[in-house]
Amino acid sequence: MTTLKTEFALFERLAVDVSDHVATIELAASPVNAQDRRMREELVRAFDVLGASDAVSAIVLTGRGKTFSAGAELGERPKLADEPGGYARHNRLVRAAFDAPIECPKPVIAAVNGAAIGAGAVLALCCDIMVVSEDAFLAMTEVDVGMAGGARHVLRSFSPSDARLVVLTARRISGADLYRMNVASILATPDQLMETALGLAREIASKAPLAVIAAKRSFDFTEAMSMRDGYRYEQSQTAALALTEDTREAFKAFAEKRKPVFQGR
């Protein structure tokens, strides 16, 4: 744990905590958790480190204060045109920050506590499971400021019609509507949001660690595969897990009618 604390000690835009195999990443860039270069670099580093740590089995991502994330720090954009290769570097880092929770081997739960706008909405949609507060909302406002982006991420979670509604109108989609649209799995009261998300993370952390990692990997690898190829891949994961100590322990515990003790190997 000391090593993890050292890794995150110099972070300026994120606050990271780990307890009982659950990590919490808090976007902590006052006043509205706008995503600038520094935050994106820290997001990539945080997910890389937590994903590789045996002390972490699940991660909760949330925002400090009343906002999840109001989106990109637009003040950086005018400078990009004057910097040789500025947009290429910027776009690469933006992709990396969004890819970080997707590619992290540990499940990531978005606890959306308030406004998730533009890049903030996309970041939430890149998480594995979304829990939203009743006073939260998501909005893709790019068309309001003469930009376009995020459509592919939105289409991953919304129906085709709803995805176009979100992107083309820039409307605010409330927490209740996100739940109704099956974008969010759980709708919670503001005072219960974090405990709900942490409880879900602890539930995941109680499962066989290698099996959870394999299950998340299966979702990521098979998303664009045919049913046949995707299921064949999943079967290969099950065959590999059958050789692990944790799977043997799970079967033994089931036969002995006791709770398994997993070691992550």
# chains A, B, ... in the order shown; residues from 1 in each chain; ligands from 1

$ residues_around --residues "Asp144 of chain A" --least-positions-apart "6" --cutoff "10 Å" --atoms "only C-alpha atoms" --output "number ranges by chain"
A: 168-170

$ residues_around --residues "segment 155-157 of chain A" --least-positions-apart "5" --cutoff "12 Å" --atoms "only C-alpha atoms" --output "count of residues only"
27

$ closest_atom_pairs --of "segment 109-228 of chain A" --to "segment 32-52 of chain A" --cutoff "12 Å" --atoms "only C-alpha atoms" --output "CSV"
residue,atom,partner,partner_atom,distance
A:Asn113,CA,A:Val32,CA,11.7
A:Gly114,CA,A:Val32,CA,9.9
A:Ala115,CA,A:Val32,CA,8.8
A:Ala116,CA,A:Asn33,CA,9.7
A:Ile117,CA,A:Ala34,CA,9.5
A:Gly118,CA,A:Ala34,CA,10.1
A:Ala119,CA,A:Gln35,CA,7.5
A:Gly120,CA,A:Gln35,CA,7.8
A:Ala121,CA,A:Gln35,CA,11.4
A:Val122,CA,A:Gln35,CA,11.5
A:Leu123,CA,A:Gln35,CA,10.0
A:Cys127,CA,A:Phe47,CA,11.4
A:Pro209,CA,A:Gly51,CA,11.7
A:Ile213,CA,A:Gly51,CA,9.7

$ atom_distance --atom1 "atom CA of Pro31 of chain A" --atom2 "atom CA of Lys106 of chain A"
28.9 Å

$ atom_distance --atom1 "atom CA of Pro105 of chain A" --atom2 "atom CA of Val56 of chain A"
10.3 Å

$ residues_around --residues "Ala15 of chain A" --least-positions-apart "3" --cutoff "8 Å" --atoms "only C-alpha atoms" --output "JSON, numbers by chain"
{"A": [8, 11, 12, 24, 25, 26, 27, 28]}

$ atom_distance --atom1 "atom CA of Phe221 of chain A" --atom2 "atom CA of Ser236 of chain A"
12.2 Å

$ closest_residue --among "A:Met194, A:Ala136, A:Val94, A:Ala215" --to "Tyr231 of chain A" --atoms "only C-alpha atoms"
A:Ala215

$ residues_around --residues "segment 240-256 of chain A" --least-positions-apart "5" --cutoff "9 Å" --atoms "only C-alpha atoms" --output "list in words"
Ala208, Pro209, Leu210, Ala211, Ala214, Gln235, Val261, Phe262, Gln263, Gly264 and Arg265 of chain A

$ write_last_selection --atoms "N, CA and C atoms" --output "compact mmCIF listing (two decimals), in the first residue's frame"
# COMPACT_ATOMS: atom_id res chain seq x y z
N ALA A 208 -13.40 -14.50 -7.66
CA ALA A 208 -12.06 -14.97 -8.04
C ALA A 208 -11.37 -13.92 -8.91
N PRO A 209 -10.27 -13.34 -8.46
CA PRO A 209 -9.64 -12.22 -9.18
C PRO A 209 -9.30 -12.53 -10.63
N LEU A 210 -8.71 -13.69 -10.89
CA LEU A 210 -8.32 -14.02 -12.25
C LEU A 210 -9.54 -14.22 -13.15
N ALA A 211 -10.62 -14.74 -12.58
CA ALA A 211 -11.84 -14.93 -13.35
C ALA A 211 -12.48 -13.58 -13.70
N ALA A 214 -10.46 -12.11 -16.49
CA ALA A 214 -10.74 -12.82 -17.74
C ALA A 214 -12.11 -12.43 -18.29
N GLN A 235 -14.42 -19.52 -24.32
CA GLN A 235 -14.11 -20.90 -23.93
C GLN A 235 -12.62 -21.07 -23.68
N VAL A 261 -11.57 -19.14 -0.56
CA VAL A 261 -10.50 -18.19 -0.21
C VAL A 261 -9.60 -18.08 -1.44
N PHE A 262 -9.69 -16.96 -2.12
CA PHE A 262 -8.95 -16.78 -3.37
C PHE A 262 -7.60 -16.13 -3.11
N GLN A 263 -6.60 -16.57 -3.89
CA GLN A 263 -5.24 -16.06 -3.74
C GLN A 263 -4.76 -15.29 -4.96
N GLY A 264 -5.57 -15.26 -6.02
CA GLY A 264 -5.16 -14.57 -7.22
C GLY A 264 -4.11 -15.31 -8.01
N ARG A 265 -4.18 -16.64 -7.94
CA ARG A 265 -3.22 -17.43 -8.73
C ARG A 265 -3.82 -18.80 -9.09

$ closest_residue --among "A:Phe219, A:Ser57, A:Ile102, A:Val212" --to "His153 of chain A" --atoms "only C-alpha atoms"
A:Ile102

$ select_by_dssp --residues "segment 177-251 of chain A" --states "alpha helix (DSSP H)" --output "MDAnalysis selection string"
chainID A and resid 177:180 193:205 209:222 227:241 245:251

$ decode --residues "segment 36-63 of chain A" --atoms "N, CA, C and O atoms" --output "CSV table (one decimal), in the first residue's frame"
chain,number,residue,atom,x,y,z
A,36,ASP,N,-7.7,18.5,-18.4
A,36,ASP,CA,-6.6,19.1,-19.1
A,36,ASP,C,-5.5,18.1,-19.3
A,36,ASP,O,-5.7,16.9,-19.0
A,37,ARG,N,-4.4,18.5,-19.9
A,37,ARG,CA,-3.3,17.6,-20.2
A,37,ARG,C,-2.9,16.8,-18.9
A,37,ARG,O,-2.7,15.6,-18.9
A,38,ARG,N,-2.7,17.6,-17.8
A,38,ARG,CA,-2.2,17.0,-16.6
A,38,ARG,C,-3.2,15.9,-16.1
A,38,ARG,O,-2.8,14.8,-15.7
A,39,MET,N,-4.5,16.2,-16.1
A,39,MET,CA,-5.5,15.2,-15.6
A,39,MET,C,-5.4,14.0,-16.5
A,39,MET,O,-5.5,12.8,-16.0
A,40,ARG,N,-5.3,14.1,-17.8
A,40,ARG,CA,-5.3,13.0,-18.7
A,40,ARG,C,-4.1,12.1,-18.4
A,40,ARG,O,-4.2,10.9,-18.4
A,41,GLU,N,-3.0,12.8,-18.2
A,41,GLU,CA,-1.7,12.0,-17.9
A,41,GLU,C,-1.9,11.2,-16.6
A,41,GLU,O,-1.5,10.1,-16.5
A,42,GLU,N,-2.5,11.9,-15.6
A,42,GLU,CA,-2.7,11.2,-14.4
A,42,GLU,C,-3.7,10.1,-14.5
A,42,GLU,O,-3.6,9.0,-13.8
A,43,LEU,N,-4.8,10.2,-15.3
A,43,LEU,CA,-5.7,9.1,-15.5
A,43,LEU,C,-5.1,7.9,-16.1
A,43,LEU,O,-5.3,6.8,-15.6
A,44,VAL,N,-4.2,8.1,-17.1
A,44,VAL,CA,-3.5,7.0,-17.7
A,44,VAL,C,-2.6,6.3,-16.7
A,44,VAL,O,-2.6,5.1,-16.6
A,45,ARG,N,-1.9,7.1,-15.9
A,45,ARG,CA,-1.0,6.5,-14.9
A,45,ARG,C,-1.7,5.8,-13.8
A,45,ARG,O,-1.4,4.7,-13.4
A,46,ALA,N,-2.8,6.4,-13.4
A,46,ALA,CA,-3.6,5.8,-12.3
A,46,ALA,C,-4.2,4.4,-12.7
A,46,ALA,O,-4.0,3.4,-12.0
A,47,PHE,N,-4.8,4.3,-13.9
A,47,PHE,CA,-5.4,3.1,-14.3
A,47,PHE,C,-4.3,2.0,-14.6
A,47,PHE,O,-4.5,0.8,-14.4
A,48,ASP,N,-3.1,2.5,-15.1
A,48,ASP,CA,-2.0,1.5,-15.4
A,48,ASP,C,-1.5,0.9,-14.1
A,48,ASP,O,-1.3,-0.3,-14.0
A,49,VAL,N,-1.3,1.8,-13.1
A,49,VAL,CA,-0.8,1.3,-11.8
A,49,VAL,C,-1.8,0.4,-11.1
A,49,VAL,O,-1.4,-0.6,-10.6
A,50,LEU,N,-3.0,0.9,-11.0
A,50,LEU,CA,-4.0,0.1,-10.3
A,50,LEU,C,-4.3,-1.2,-11.0
A,50,LEU,O,-4.6,-2.2,-10.3
A,51,GLY,N,-4.3,-1.1,-12.3
A,51,GLY,CA,-4.6,-2.4,-13.1
A,51,GLY,C,-3.5,-3.4,-12.8
A,51,GLY,O,-3.8,-4.6,-12.9
A,52,ALA,N,-2.3,-3.0,-12.5
A,52,ALA,CA,-1.2,-4.0,-12.3
A,52,ALA,C,-1.0,-4.4,-10.9
A,52,ALA,O,-0.2,-5.3,-10.6
A,53,SER,N,-1.8,-3.8,-10.0
A,53,SER,CA,-1.6,-4.0,-8.5
A,53,SER,C,-2.4,-5.2,-8.0
A,53,SER,O,-3.7,-5.2,-8.2
A,54,ASP,N,-1.8,-6.1,-7.3
A,54,ASP,CA,-2.5,-7.2,-6.7
A,54,ASP,C,-3.4,-6.7,-5.5
A,54,ASP,O,-4.3,-7.5,-5.0
A,55,ALA,N,-3.2,-5.5,-5.1
A,55,ALA,CA,-4.0,-5.0,-3.9
A,55,ALA,C,-5.3,-4.4,-4.4
A,55,ALA,O,-6.1,-4.0,-3.6
A,56,VAL,N,-5.5,-4.4,-5.7
A,56,VAL,CA,-6.8,-3.8,-6.3
A,56,VAL,C,-7.5,-4.8,-7.1
A,56,VAL,O,-6.9,-5.5,-8.0
A,57,SER,N,-8.8,-5.0,-6.8
A,57,SER,CA,-9.6,-5.9,-7.6
A,57,SER,C,-10.7,-5.2,-8.4
A,57,SER,O,-11.3,-5.7,-9.3
A,58,ALA,N,-11.1,-4.0,-7.9
A,58,ALA,CA,-12.1,-3.2,-8.6
A,58,ALA,C,-11.9,-1.7,-8.3
A,58,ALA,O,-11.2,-1.4,-7.3
A,59,ILE,N,-12.4,-0.8,-9.2
A,59,ILE,CA,-12.1,0.6,-9.1
A,59,ILE,C,-13.4,1.4,-9.3
A,59,ILE,O,-14.2,1.1,-10.1
A,60,VAL,N,-13.5,2.4,-8.4
A,60,VAL,CA,-14.6,3.4,-8.5
A,60,VAL,C,-14.1,4.7,-9.0
A,60,VAL,O,-13.1,5.2,-8.4
A,61,LEU,N,-14.7,5.3,-10.0
A,61,LEU,CA,-14.3,6.6,-10.5
A,61,LEU,C,-15.4,7.6,-10.3
A,61,LEU,O,-16.5,7.3,-10.7
A,62,THR,N,-15.1,8.7,-9.6
A,62,THR,CA,-16.1,9.7,-9.3
A,62,THR,C,-15.5,11.1,-9.4
A,62,THR,O,-14.3,11.2,-9.7
A,63,GLY,N,-16.3,12.1,-9.2
A,63,GLY,CA,-15.8,13.5,-9.2
A,63,GLY,C,-16.0,14.1,-7.8
A,63,GLY,O,-16.9,13.8,-7.1
